[in-house]
file protein_31.cif (mmCIF, C-alpha atoms)
data_run
loop_
_atom_site.label_atom_id
_atom_site.label_comp_id
_atom_site.auth_asym_id
_atom_site.auth_seq_id
_atom_site.Cartn_x
_atom_site.Cartn_y
_atom_site.Cartn_z
CA MET A 1 92.92 63.71 -19.27
CA ASN A 2 92.75 66.68 -21.58
CA THR A 3 96.00 67.75 -23.17
CA ARG A 4 96.77 71.39 -22.93
CA GLY A 5 99.44 71.73 -25.60
CA LEU A 6 99.20 72.54 -29.27
CA ARG A 7 96.04 74.62 -29.18
CA SER A 8 97.03 75.90 -32.61
CA GLN A 9 96.04 72.53 -34.03
CA LEU A 10 92.38 73.29 -33.39
CA LYS A 11 90.71 74.44 -36.56
CA ASP A 12 88.30 77.35 -36.40
CA SER A 13 85.68 75.77 -38.59
CA VAL A 14 84.99 72.31 -37.33
CA PRO A 15 82.90 69.98 -39.45
CA VAL A 16 79.43 69.78 -37.97
CA THR A 17 78.36 66.22 -38.52
CA GLY A 18 74.73 66.57 -37.48
CA MET A 19 73.84 68.39 -40.65
CA GLY A 20 74.25 65.24 -42.74
CA PRO A 21 70.79 63.67 -42.91
CA GLN A 22 69.12 66.69 -44.41
CA VAL A 23 71.07 66.34 -47.63
CA GLY A 24 69.30 63.78 -49.74
CA ALA A 25 70.35 61.65 -52.65
CA TYR A 26 70.87 64.51 -55.14
CA GLY A 27 72.65 66.89 -52.79
CA VAL A 28 69.62 69.01 -51.94
CA GLN A 29 67.26 69.11 -48.99
CA ASP A 30 65.31 65.87 -48.68
CA THR A 31 61.87 67.42 -48.17
CA LEU A 32 60.02 64.12 -47.96
CA ARG A 33 61.99 62.85 -44.98
CA SER A 34 63.11 65.93 -43.08
CA GLY A 35 60.54 68.56 -43.94
CA PHE A 36 61.03 72.04 -45.33
CA SER A 37 64.39 73.69 -44.93
CA SER A 38 65.09 76.89 -43.05
CA VAL A 39 68.44 78.60 -43.50
CA LYS A 40 68.31 80.13 -40.04
CA ASN A 41 67.98 76.76 -38.33
CA GLU A 42 70.91 75.28 -40.19
CA LEU A 43 73.31 78.16 -39.77
CA LEU A 44 73.24 78.85 -36.07
CA PRO A 45 73.21 76.28 -33.32
CA SER A 46 71.18 77.98 -30.67
CA HIS A 47 73.03 77.06 -27.50
CA ALA A 48 76.51 78.24 -26.60
CA LEU A 49 77.66 74.69 -25.99
CA GLU A 50 75.94 72.91 -28.88
CA LEU A 51 78.73 73.25 -31.41
CA SER A 52 81.55 72.70 -28.98
CA GLU A 53 79.92 69.61 -27.48
CA LYS A 54 79.22 68.05 -30.89
CA ASN A 55 82.89 68.17 -31.76
CA PHE A 56 84.44 67.83 -28.34
CA GLN A 57 85.59 64.24 -28.73
CA LEU A 58 86.94 64.89 -32.23
CA ASN A 59 88.95 67.89 -31.09
CA GLN A 60 90.32 66.09 -28.04
CA ASP A 61 91.45 63.20 -30.20
CA LYS A 62 93.06 65.55 -32.71
CA MET A 63 95.03 67.35 -30.02
CA ASN A 64 96.08 64.14 -28.32
CA PHE A 65 97.18 62.51 -31.56
CA SER A 66 99.23 65.48 -32.72
CA THR A 67 100.96 65.71 -29.33
CA LEU A 68 101.69 62.00 -29.52
CA ARG A 69 103.02 62.37 -33.04
CA ASN A 70 105.38 65.10 -32.00
CA ILE A 71 106.66 63.15 -29.02
CA GLN A 72 106.87 59.61 -30.29
CA GLY A 73 106.77 59.86 -34.05
CA LEU A 74 104.15 59.07 -36.66
CA HIS A 75 103.80 55.39 -35.81
CA ALA A 76 102.17 56.01 -32.43
CA PRO A 77 98.98 57.76 -33.60
CA LEU A 78 98.91 55.58 -36.68
CA LYS A 79 98.84 52.37 -34.64
CA LEU A 80 96.28 53.78 -32.23
CA GLN A 81 93.97 54.91 -35.00
CA MET A 82 94.24 51.53 -36.65
CA GLU A 83 93.13 49.89 -33.40
CA TYR A 84 90.26 52.37 -33.04
CA ARG A 85 89.07 51.59 -36.55
CA ALA A 86 89.15 47.88 -35.89
CA ALA A 87 87.30 48.24 -32.58
CA ARG A 88 84.67 50.52 -34.09
CA GLN A 89 83.65 47.80 -36.50
CA ILE A 90 82.66 45.43 -33.71
CA GLN A 91 79.02 46.31 -33.41
CA ARG A 92 75.55 45.09 -34.21
CA LEU A 93 73.20 46.41 -36.89
CA PRO A 94 72.39 50.11 -36.48
CA PHE A 95 68.95 49.73 -34.91
CA LEU A 96 70.18 47.36 -32.18
CA GLN A 97 72.09 48.23 -29.01
CA SER A 98 75.83 47.63 -29.28
CA SER A 99 77.98 47.74 -26.18
CA HIS A 100 81.12 49.21 -27.85
CA LEU A 101 83.14 47.40 -25.19
CA ALA A 102 86.41 47.22 -27.14
CA LEU A 103 86.18 50.85 -28.23
CA ASP A 104 85.42 52.01 -24.70
CA THR A 105 88.35 50.09 -23.28
CA LEU A 106 90.72 51.53 -25.87
CA LYS A 107 89.59 55.06 -25.28
CA GLY A 108 89.60 54.70 -21.50
CA ASN A 109 85.89 55.41 -21.15
CA ASP A 110 85.43 52.33 -19.00
CA GLU A 111 87.33 54.00 -16.16
CA SER A 112 85.51 57.30 -16.03
CA ILE A 113 81.97 58.58 -15.65
CA SER A 114 80.79 61.75 -17.33
CA PHE A 115 77.53 63.18 -18.56
CA GLU A 116 77.62 60.90 -21.60
CA ASP A 117 76.98 57.93 -19.33
CA ILE A 118 74.17 59.47 -17.33
CA LEU A 119 72.15 61.63 -19.70
CA ASN A 120 70.30 60.46 -22.78
CA ASP A 121 71.23 56.79 -22.47
CA PRO A 122 70.61 55.25 -25.92
CA ALA A 123 69.30 52.09 -24.25
CA GLN A 124 66.40 54.15 -22.89
CA SER A 125 65.74 56.21 -25.97
CA GLU A 126 62.05 56.88 -26.54
CA MET A 127 62.33 56.96 -30.30
CA MET A 128 62.80 53.88 -32.36
CA GLY A 129 63.96 53.97 -35.93
CA GLU A 130 62.69 51.90 -38.80
CA PRO A 131 65.23 49.03 -39.16
CA HIS A 132 65.30 49.00 -42.98
CA VAL A 133 65.73 52.76 -43.23
CA MET A 134 68.52 52.79 -40.67
CA VAL A 135 70.47 50.02 -42.31
CA GLU A 136 70.09 51.65 -45.73
CA TYR A 137 71.35 54.94 -44.31
CA LYS A 138 74.34 53.25 -42.71
CA LEU A 139 75.29 51.47 -45.92
CA GLY A 140 75.00 54.69 -47.87
CA MET A 141 72.15 53.45 -50.05
CA MET A 142 69.90 56.31 -49.01
CA MET B 1 55.87 52.55 -33.39
CA ALA B 2 59.03 52.93 -35.40
CA LEU B 3 59.68 56.39 -36.82
CA SER B 4 60.98 56.55 -40.34
CA ASN B 5 62.75 59.87 -39.96
CA VAL B 6 65.17 58.57 -37.32
CA LEU B 7 68.30 57.62 -39.24
CA GLU B 8 70.75 57.16 -36.37
CA THR B 9 70.47 56.40 -32.68
CA PRO B 10 70.66 59.70 -30.78
CA ALA B 11 74.01 60.55 -29.24
CA SER B 12 74.31 60.28 -25.48
CA GLY B 13 75.11 63.28 -23.31
CA PHE B 14 73.50 66.69 -23.41
CA ASN B 15 70.59 67.17 -25.78
CA PHE B 16 70.05 70.66 -27.15
CA GLU B 17 66.76 70.10 -28.97
CA ASN B 18 64.66 72.21 -26.65
CA VAL B 19 66.85 75.31 -26.71
CA SER B 20 64.94 77.14 -29.47
CA ARG B 21 61.67 76.18 -27.83
CA ASN B 22 62.86 77.62 -24.50
CA VAL B 23 63.96 80.85 -26.13
CA ALA B 24 60.54 81.18 -27.77
CA LEU B 25 58.78 80.42 -24.48
CA ASP B 26 60.85 83.02 -22.64
CA GLY B 27 59.82 85.61 -25.18
CA LEU B 28 56.14 84.72 -24.67
CA LEU B 29 56.36 84.67 -20.88
CA GLU B 30 58.07 88.05 -20.61
CA GLY B 31 55.01 89.84 -21.95
CA GLY B 32 52.59 87.83 -19.86
CA HIS B 33 52.21 87.60 -16.12
CA THR B 34 53.93 84.26 -15.54
CA LYS B 35 57.68 83.86 -15.21
CA ALA B 36 59.88 80.90 -15.97
CA PRO B 37 60.78 78.99 -12.76
CA LYS B 38 64.14 79.92 -11.28
CA PRO B 39 66.64 77.20 -10.42
CA MET B 40 67.44 76.70 -6.77
CA LYS B 41 70.66 78.54 -5.92
CA THR B 42 72.65 78.18 -2.78
CA GLY B 43 73.40 81.93 -2.31
CA THR B 44 75.86 80.94 0.26
CA THR B 45 78.75 81.51 2.52
CA ILE B 46 81.36 78.76 2.42
CA ALA B 47 84.83 79.00 3.91
CA GLY B 48 87.88 76.84 4.43
CA VAL B 49 91.06 77.10 6.46
CA VAL B 50 94.25 75.02 6.50
CA CYS B 51 95.49 74.39 10.02
CA LYS B 52 98.36 72.45 11.51
CA ASP B 53 96.71 69.04 11.66
CA GLY B 54 94.36 69.23 8.69
CA VAL B 55 91.71 71.26 6.93
CA VAL B 56 88.54 72.83 8.36
CA LEU B 57 85.62 73.52 6.02
CA GLY B 58 82.49 75.42 6.95
CA ALA B 59 79.20 76.30 5.29
CA ASP B 60 75.81 77.77 6.09
CA THR B 61 72.63 75.78 5.34
CA ARG B 62 70.25 78.04 3.42
CA ALA B 63 69.17 77.37 -0.16
CA THR B 64 67.18 80.07 -1.94
CA SER B 65 64.98 79.97 -5.02
CA GLY B 66 64.44 83.55 -6.11
CA GLU B 67 63.31 85.39 -2.99
CA VAL B 68 62.09 82.34 -1.11
CA VAL B 69 64.14 80.14 1.21
CA ALA B 70 63.80 76.77 -0.45
CA ASP B 71 65.69 74.65 2.08
CA LYS B 72 66.60 75.60 5.64
CA MET B 73 68.81 72.63 6.32
CA CYS B 74 70.57 71.94 3.08
CA ALA B 75 73.91 70.12 3.17
CA LYS B 76 76.53 72.07 1.27
CA ILE B 77 79.57 70.06 2.29
CA HIS B 78 79.70 67.10 -0.08
CA TYR B 79 81.64 63.88 0.30
CA ILE B 80 84.26 63.26 -2.36
CA SER B 81 86.46 60.54 -0.89
CA PRO B 82 87.36 59.42 2.66
CA ASN B 83 90.03 62.10 2.83
CA MET B 84 88.41 64.90 0.81
CA TYR B 85 85.29 67.00 1.18
CA CYS B 86 83.98 69.77 -1.04
CA CYS B 87 81.81 72.80 -0.27
CA GLY B 88 79.66 74.03 -3.12
CA ALA B 89 78.18 77.44 -3.92
CA GLY B 90 76.11 78.37 -6.95
CA THR B 91 73.25 76.42 -8.50
CA ALA B 92 72.36 73.64 -6.05
CA ALA B 93 71.83 70.92 -8.66
CA ASP B 94 75.08 71.74 -10.44
CA THR B 95 77.19 71.53 -7.30
CA GLU B 96 75.54 68.25 -6.27
CA LYS B 97 75.93 66.54 -9.63
CA THR B 98 79.47 67.79 -10.21
CA THR B 99 80.66 66.59 -6.82
CA ASP B 100 78.83 63.28 -7.31
CA LEU B 101 80.55 62.72 -10.65
CA LEU B 102 83.90 63.65 -9.16
CA SER B 103 83.39 61.25 -6.27
CA SER B 104 82.44 58.42 -8.64
CA ASN B 105 85.45 59.02 -10.86
CA LEU B 106 87.81 59.03 -7.90
CA THR B 107 86.32 55.82 -6.53
CA ILE B 108 86.82 54.08 -9.88
CA PHE B 109 90.38 55.38 -9.98
CA SER B 110 91.22 54.16 -6.49
CA MET B 111 89.73 50.77 -7.26
CA THR B 112 91.67 50.26 -10.48
CA SER B 113 94.98 51.68 -9.29
CA GLY B 114 94.82 50.66 -5.63
CA ARG B 115 95.92 54.10 -4.42
CA ASN B 116 94.19 56.83 -2.48
CA PRO B 117 93.39 59.79 -4.71
CA ARG B 118 95.28 63.02 -4.17
CA VAL B 119 93.67 66.42 -3.90
CA VAL B 120 95.43 67.71 -7.04
CA MET B 121 93.84 64.92 -9.05
CA ALA B 122 90.37 65.88 -7.88
CA VAL B 123 91.07 69.54 -8.64
CA ASN B 124 92.29 68.74 -12.15
CA ILE B 125 89.27 66.60 -12.93
CA LEU B 126 86.98 69.40 -11.75
CA GLN B 127 88.87 71.98 -13.73
CA ASP B 128 88.68 69.94 -16.94
CA MET B 129 84.98 69.33 -16.51
CA LEU B 130 84.03 72.93 -15.70
CA PHE B 131 86.22 74.40 -18.44
CA ARG B 132 84.70 72.05 -20.98
CA TYR B 133 81.23 73.43 -20.25
CA LYS B 134 82.36 77.06 -20.44
CA GLY B 135 80.73 78.23 -17.23
CA GLN B 136 77.25 76.92 -18.04
CA ILE B 137 77.58 74.68 -15.00
CA GLY B 138 77.24 77.25 -12.22
CA ALA B 139 79.32 75.66 -9.48
CA SER B 140 81.95 77.43 -7.36
CA LEU B 141 83.62 74.84 -5.19
CA ILE B 142 86.03 74.79 -2.29
CA LEU B 143 87.85 71.47 -2.16
CA GLY B 144 89.79 70.54 0.96
CA GLY B 145 91.59 67.35 1.80
CA VAL B 146 94.48 65.60 3.45
CA ASP B 147 96.65 63.21 1.48
CA CYS B 148 100.19 61.87 1.54
CA THR B 149 101.62 65.20 0.38
CA GLY B 150 99.99 67.30 3.10
CA ASN B 151 96.90 69.39 3.78
CA HIS B 152 95.45 71.18 0.78
CA LEU B 153 92.72 73.71 0.14
CA TYR B 154 91.74 74.61 -3.42
CA THR B 155 89.02 76.68 -5.00
CA VAL B 156 87.55 75.96 -8.43
CA GLY B 157 85.51 78.65 -10.17
CA PRO B 158 82.60 78.02 -12.54
CA TYR B 159 84.73 78.71 -15.61
CA GLY B 160 87.48 76.37 -14.52
CA SER B 161 89.93 78.63 -12.67
CA ILE B 162 91.74 77.16 -9.68
CA ASP B 163 93.58 78.69 -6.76
CA ASN B 164 95.59 77.06 -3.99
CA VAL B 165 95.53 79.14 -0.82
CA PRO B 166 95.62 78.58 2.96
CA TYR B 167 92.23 80.22 3.61
CA LEU B 168 89.24 80.82 1.37
CA ALA B 169 85.67 81.96 1.21
CA MET B 170 83.20 81.68 -1.69
CA GLY B 171 79.57 82.39 -2.35
CA SER B 172 77.48 85.52 -2.05
CA GLY B 173 78.63 86.07 1.54
CA ASP B 174 82.30 85.68 0.74
CA LEU B 175 83.29 89.29 1.25
CA ALA B 176 82.02 89.33 4.82
CA ALA B 177 83.65 85.99 5.60
CA LEU B 178 86.95 86.97 3.97
CA GLY B 179 87.12 90.04 6.19
CA ILE B 180 87.12 87.86 9.30
CA LEU B 181 89.57 85.39 7.77
CA GLU B 182 92.01 88.07 6.66
CA ASP B 183 91.96 89.60 10.12
CA ARG B 184 92.52 86.52 12.26
CA PHE B 185 94.21 83.89 10.11
CA LYS B 186 97.64 82.70 11.21
CA PRO B 187 99.61 79.86 9.60
CA ASN B 188 99.75 76.56 11.55
CA MET B 189 96.80 77.23 13.83
CA GLU B 190 95.49 74.72 16.33
CA LEU B 191 92.37 72.76 15.43
CA GLU B 192 90.01 74.37 17.95
CA GLU B 193 91.19 77.83 17.02
CA ALA B 194 90.65 77.06 13.31
CA LYS B 195 87.13 75.78 14.01
CA GLU B 196 86.27 78.96 15.88
CA LEU B 197 87.69 81.08 13.06
CA VAL B 198 85.63 79.30 10.40
CA ARG B 199 82.53 79.54 12.58
CA ASP B 200 83.02 83.27 12.99
CA ALA B 201 83.61 83.73 9.27
CA ILE B 202 80.41 81.88 8.33
CA HIS B 203 78.54 83.74 11.06
CA SER B 204 79.54 87.10 9.64
CA GLY B 205 78.46 85.88 6.19
CA ILE B 206 75.08 84.88 7.61
CA MET B 207 74.63 88.22 9.34
CA SER B 208 75.62 90.34 6.36
CA ASP B 209 74.21 88.47 3.39
CA LEU B 210 70.58 87.76 2.56
CA GLY B 211 71.36 84.57 0.70
CA SER B 212 73.04 82.86 3.68
CA GLY B 213 71.41 81.88 6.91
CA ASN B 214 70.17 79.26 9.33
CA ASN B 215 72.66 76.81 10.77
CA ILE B 216 76.42 76.42 10.40
CA ASP B 217 78.00 73.10 9.37
CA ILE B 218 81.65 72.37 10.03
CA CYS B 219 83.75 69.56 8.59
CA VAL B 220 87.19 68.80 10.03
CA ILE B 221 89.51 66.62 7.93
CA THR B 222 92.65 65.25 9.52
CA LYS B 223 94.99 62.35 8.82
CA GLN B 224 93.12 60.31 11.42
CA GLY B 225 89.71 60.82 9.88
CA VAL B 226 86.85 63.17 9.22
CA ASP B 227 84.57 64.87 11.73
CA TYR B 228 81.45 66.17 10.01
CA ILE B 229 79.59 68.26 12.59
CA ARG B 230 76.15 69.05 11.32
CA PRO B 231 74.97 71.42 12.71
CA TYR B 232 77.89 72.96 14.52
CA GLN B 233 75.75 75.84 15.60
CA GLU B 234 72.02 76.21 15.23
CA SER B 235 70.49 79.56 14.52
CA GLU B 236 68.49 81.15 17.30
CA TYR B 237 65.59 81.72 14.92
CA LYS B 238 64.45 78.12 14.85
CA ASP B 239 60.81 77.55 14.05
CA LYS B 240 58.98 75.88 16.89
CA ARG B 241 56.58 73.84 14.82
CA GLN B 242 55.58 70.62 16.50
CA ARG B 243 55.25 67.85 13.94
CA ARG B 244 52.68 65.80 15.85
CA TYR B 245 49.28 67.19 16.64
CA LYS B 246 47.79 64.32 18.65
CA TYR B 247 46.61 65.13 22.15
CA ARG B 248 48.64 63.80 25.04
CA PRO B 249 46.93 61.13 27.15
CA GLY B 250 45.48 62.95 30.18
CA THR B 251 44.48 66.12 28.31
CA THR B 252 40.82 65.65 29.17
CA SER B 253 40.10 65.02 32.85
CA ILE B 254 38.24 61.92 33.93
CA LEU B 255 35.02 62.70 35.86
CA THR B 256 33.69 59.24 36.81
CA GLU B 257 35.00 55.71 36.37
CA LYS B 258 32.97 52.47 36.38
CA ILE B 259 34.62 49.06 35.91
CA VAL B 260 32.51 46.06 34.79
CA PRO B 261 34.49 42.78 34.82
CA LEU B 262 33.77 40.46 31.92
CA GLU B 263 33.53 36.89 33.12
CA LEU B 264 34.81 34.27 30.72
CA GLU B 265 34.91 30.55 31.26
CA VAL B 266 37.34 28.25 29.46
CA VAL B 267 35.34 25.98 27.13
CA GLN B 268 38.07 24.18 25.20
CA GLU B 269 41.85 24.17 25.35
CA THR B 270 44.12 22.75 22.62
CA VAL B 271 47.92 22.75 22.72
CA GLN B 272 49.85 22.77 19.44
CA ARG B 273 53.59 22.31 19.44
CA MET B 274 55.62 24.66 17.34
CA HIS B 275 58.91 23.40 15.94
CA THR B 276 61.49 26.14 15.76
CA ALA B 277 64.66 24.80 14.16
#
call {"tool": "encode", "arguments": {"input": "protein_31.cif", "output": "structure tokens"}}
result
Amino acid sequence: MNTRGLRSQLKDSVPVTGMGPQVGAYGVQDTLRSGFSSVKNELLPSHALELSEKNFQLNQDKMNFSTLRNIQGLHAPLKLQMEYRAARQIQRLPFLQSSHLALDTLKGNDESISFEDILNDPAQSEMMGEPHVMVEYKLGMM
Amino acid sequence: MALSNVLETPASGFNFENVSRNVALDGLLEGGHTKAPKPMKTGTTIAGVVCKDGVVLGADTRATSGEVVADKMCAKIHYISPNMYCCGAGTAADTEKTTDLLSSNLTIFSMTSGRNPRVVMAVNILQDMLFRYKGQIGASLILGGVDCTGNHLYTVGPYGSIDNVPYLAMGSGDLAALGILEDRFKPNMELEEAKELVRDAIHSGIMSDLGSGNNIDICVITKQGVDYIRPYQESEYKDKRQRRYKYRPGTTSILTEKIVPLELEVVQETVQRMHTA
């Protein structure tokens, strides 16, 4: 369920995580891997929902945790986030399919269906990544 | 073939990669003679009324795609749960998928908790979902149902607004239908009277609005069960197409008849037993 309180906790500038891969090892555009850069493409997401959907889960979690902190004290979100971190580590190597069963159960995603379960299923993705490259990216060696 | 520029598995959910391509294509098509295809809308009249024993929902059955009638017998009253049905106006695909998702979520809930879902729960789920997508999902819904707290009728707009009222109409023909409802609605009506009222409201929507037409469907939800009458009333402008074009036997008259018997004699006869166990 979405919480409706504490809308002031939402920040106006939310970190857009998709912009990460274009920054290469020295902090500039990695032309070899991601092509030439275009300022226009990076500045504006083109669809009204693109930015809000990218950060929807993050914002929901932020609002829920701050409500929980105000009601029950700091320990409640702290314990929950510790469990999330532990559950997030239970997965296979990046190029393989992981079920995220523990994480889904903790978040309650196993009892609801939304567009994330129907559209763009990663198990049926048409693109396959190079295993070495993906593992190096995950470990931060890129 | 593995691609070396894919660094993470793509996230599930909506994918916005083609948006800039679509915008560019729209710009090209505007100057040319072709137009982008329009989604199928259900320019509609839907109405609902709360009566003494339950809720009566009604809808017309025309789905339009631009200026063409795309479906003459489309079902606009969707099943949500055994005690709740939902009429949908707006983009046909959006109403179908949204009500499907709602129905699935409520089924999972009733299986895990062992309770029948209430109408307020369905309305809140719909509101959360539609508000999250900021009106891009073009679905205006009328949700009616009977649960342990009584008979309820709610409307949910495409941006996530809800309203809880005893009688409602939505869609492009809603003004015409609301006129009839405002005139003749009384609280605690009998079931037959409520059915007639909804039928008249949808009928006036069909007569006054281009986007509504064809037949009228009625769905009656009571504590005892659901009566989904489809069609409640057929339009008098039915098309009389016959689907089979084979000639009936006897179409051509027989002039003469000559019978030649074929004589067969039995040469060999073998009997084989069949075991049926």
call {"tool": "resolve_selection", "arguments": {"input": "protein_31.cif", "expression": "the PyMOL selection byres ((chain A) within 8 of (chain B))", "output": "PyMOL selection string"}}
result
chain A and resi 1-2+21+33-34+46-47+49-50+94-95+111-122+125+127-130+133-134+137
call {"tool": "atom_distance", "arguments": {"input": "protein_31.cif", "atom1": "CA of His152 in chain B", "atom2": "CA of Leu126 in chain B"}}
result
15.2 Å
call {"tool": "atom_distance", "arguments": {"input": "protein_31.cif", "atom1": "CA of Gly157 in chain B", "atom2": "CA of Gly90 in chain B"}}
result
9.9 Å
call {"tool": "resolve_selection", "arguments": {"input": "protein_31.cif", "expression": "the PyMOL selection byres ((chain B and resi 228-231) around 7)", "output": "PyMOL selection string"}}
result
chain B and resi 215-220+226-227+232-234
call {"tool": "write_last_selection", "arguments": {"input": "protein_31.cif", "atoms": "C-alpha atoms", "output": "PDB file, keeping the file's coordinate frame"}}
result
ATOM      1  CA  ASN B 215      72.660  76.810  10.770  1.00  0.00           C
ATOM      2  CA  ILE B 216      76.420  76.420  10.400  1.00  0.00           C
ATOM      3  CA  ASP B 217      78.000  73.100   9.370  1.00  0.00           C
ATOM      4  CA  ILE B 218      81.650  72.370  10.030  1.00  0.00           C
ATOM      5  CA  CYS B 219      83.750  69.560   8.590  1.00  0.00           C
ATOM      6  CA  VAL B 220      87.190  68.800  10.030  1.00  0.00           C
ATOM      7  CA  VAL B 226      86.850  63.170   9.220  1.00  0.00           C
ATOM      8  CA  ASP B 227      84.570  64.870  11.730  1.00  0.00           C
ATOM      9  CA  TYR B 232      77.890  72.960  14.520  1.00  0.00           C
ATOM     10  CA  GLN B 233      75.750  75.840  15.600  1.00  0.00           C
ATOM     11  CA  GLU B 234      72.020  76.210  15.230  1.00  0.00           C
TER      12      GLU B 234
END
call {"tool": "atom_distance", "arguments": {"input": "protein_31.cif", "atom1": "CA of Gln57 in chain A", "atom2": "CA of Leu96 in chain A"}}
result
23.1 Å
call {"tool": "residues_around", "arguments": {"input": "protein_31.cif", "residues": "Glu83 in chain A", "least_positions_apart": "2", "cutoff": "12 Å", "atoms": "all atoms listed in the file", "output": "ChimeraX atom specification"}}
result
/A:76-81,85-90,102-107
call {"tool": "residues_around", "arguments": {"input": "protein_31.cif", "residues": "Asp147 in chain B", "least_positions_apart": "5", "cutoff": "7 Å", "atoms": "all atoms listed in the file", "output": "number ranges by chain"}}
result
B: 83, 118-119
call {"tool": "write_last_selection", "arguments": {"input": "protein_31.cif", "atoms": "C-alpha atoms", "output": "short mmCIF file (atom, residue, chain, number, x, y, z; two decimals), in the coordinates of the input"}}
result
data_model
loop_
_atom_site.label_atom_id
_atom_site.label_comp_id
_atom_site.auth_asym_id
_atom_site.auth_seq_id
_atom_site.Cartn_x
_atom_site.Cartn_y
_atom_site.Cartn_z
CA ASN B 83 90.03 62.10 2.83
CA ARG B 118 95.28 63.02 -4.17
CA VAL B 119 93.67 66.42 -3.90
#
call {"tool": "closest_residue", "arguments": {"input": "protein_31.cif", "among": "A:Leu101, A:Phe65, A:Glu126, A:Leu93", "to": "Leu139 in chain A", "atoms": "only C-alpha atoms"}}
result
A:Leu93
call {"tool": "closest_residue", "arguments": {"input": "protein_31.cif", "among": "A:Lys138, A:His132, A:His100, A:Lys54", "to": "Tyr84 in chain A", "atoms": "only C-alpha atoms"}}
result
A:His100
call {"tool": "resolve_selection", "arguments": {"input": "protein_31.cif", "expression": "the PyMOL selection byres ((chain B and resi 168) around 7)", "output": "ChimeraX atom specification"}}
result
/B:47-49,165-167,169-170
call {"tool": "decode", "arguments": {"input": "protein_31.cif", "residues": "range 124-128 of chain A", "atoms": "all heavy atoms", "output": "PDB file, in the first residue's frame"}}
result
ATOM      1  N   GLN A 124      12.865 -13.321 -20.200  1.00  0.00           N
ATOM      2  CA  GLN A 124      12.631 -13.406 -21.633  1.00  0.00           C
ATOM      3  C   GLN A 124      13.291 -12.253 -22.355  1.00  0.00           C
ATOM      4  O   GLN A 124      12.851 -11.848 -23.424  1.00  0.00           O
ATOM      5  CB  GLN A 124      11.133 -13.386 -21.915  1.00  0.00           C
ATOM      6  CG  GLN A 124      10.502 -14.671 -21.447  1.00  0.00           C
ATOM      7  CD  GLN A 124       9.011 -14.539 -21.367  1.00  0.00           C
ATOM      8  OE1 GLN A 124       8.466 -13.551 -21.831  1.00  0.00           O
ATOM      9  NE2 GLN A 124       8.384 -15.514 -20.773  1.00  0.00           N
ATOM     10  N   SER A 125      14.339 -11.731 -21.768  1.00  0.00           N
ATOM     11  CA  SER A 125      15.013 -10.597 -22.399  1.00  0.00           C
ATOM     12  C   SER A 125      15.710 -11.052 -23.659  1.00  0.00           C
ATOM     13  O   SER A 125      16.291 -12.139 -23.721  1.00  0.00           O
ATOM     14  CB  SER A 125      16.011 -10.021 -21.395  1.00  0.00           C
ATOM     15  OG  SER A 125      17.013  -9.329 -22.041  1.00  0.00           O
ATOM     16  N   GLU A 126      15.654 -10.218 -24.719  1.00  0.00           N
ATOM     17  CA  GLU A 126      16.230 -10.626 -25.995  1.00  0.00           C
ATOM     18  C   GLU A 126      17.699 -10.297 -26.093  1.00  0.00           C
ATOM     19  O   GLU A 126      18.351 -10.687 -27.046  1.00  0.00           O
ATOM     20  CB  GLU A 126      15.488  -9.920 -27.126  1.00  0.00           C
ATOM     21  CG  GLU A 126      14.065 -10.403 -27.247  1.00  0.00           C
ATOM     22  CD  GLU A 126      13.192  -9.397 -27.959  1.00  0.00           C
ATOM     23  OE1 GLU A 126      13.680  -8.299 -28.290  1.00  0.00           O
ATOM     24  OE2 GLU A 126      12.033  -9.714 -28.192  1.00  0.00           O
ATOM     25  N   MET A 127      18.202  -9.529 -25.123  1.00  0.00           N
ATOM     26  CA  MET A 127      19.606  -9.157 -25.189  1.00  0.00           C
ATOM     27  C   MET A 127      20.368  -9.914 -24.134  1.00  0.00           C
ATOM     28  O   MET A 127      19.901 -10.062 -23.005  1.00  0.00           O
ATOM     29  CB  MET A 127      19.751  -7.657 -24.909  1.00  0.00           C
ATOM     30  CG  MET A 127      19.169  -6.817 -26.010  1.00  0.00           C
ATOM     31  SD  MET A 127      19.774  -5.152 -25.909  1.00  0.00           S
ATOM     32  CE  MET A 127      19.195  -4.676 -24.323  1.00  0.00           C
ATOM     33  N   MET A 128      21.525 -10.387 -24.508  1.00  0.00           N
ATOM     34  CA  MET A 128      22.328 -11.107 -23.521  1.00  0.00           C
ATOM     35  C   MET A 128      23.630 -10.359 -23.358  1.00  0.00           C
ATOM     36  O   MET A 128      24.225  -9.921 -24.334  1.00  0.00           O
ATOM     37  CB  MET A 128      22.593 -12.510 -24.044  1.00  0.00           C
ATOM     38  CG  MET A 128      23.295 -13.375 -23.048  1.00  0.00           C
ATOM     39  SD  MET A 128      23.605 -14.971 -23.774  1.00  0.00           S
ATOM     40  CE  MET A 128      25.299 -15.176 -23.357  1.00  0.00           C
TER      41      MET A 128
END
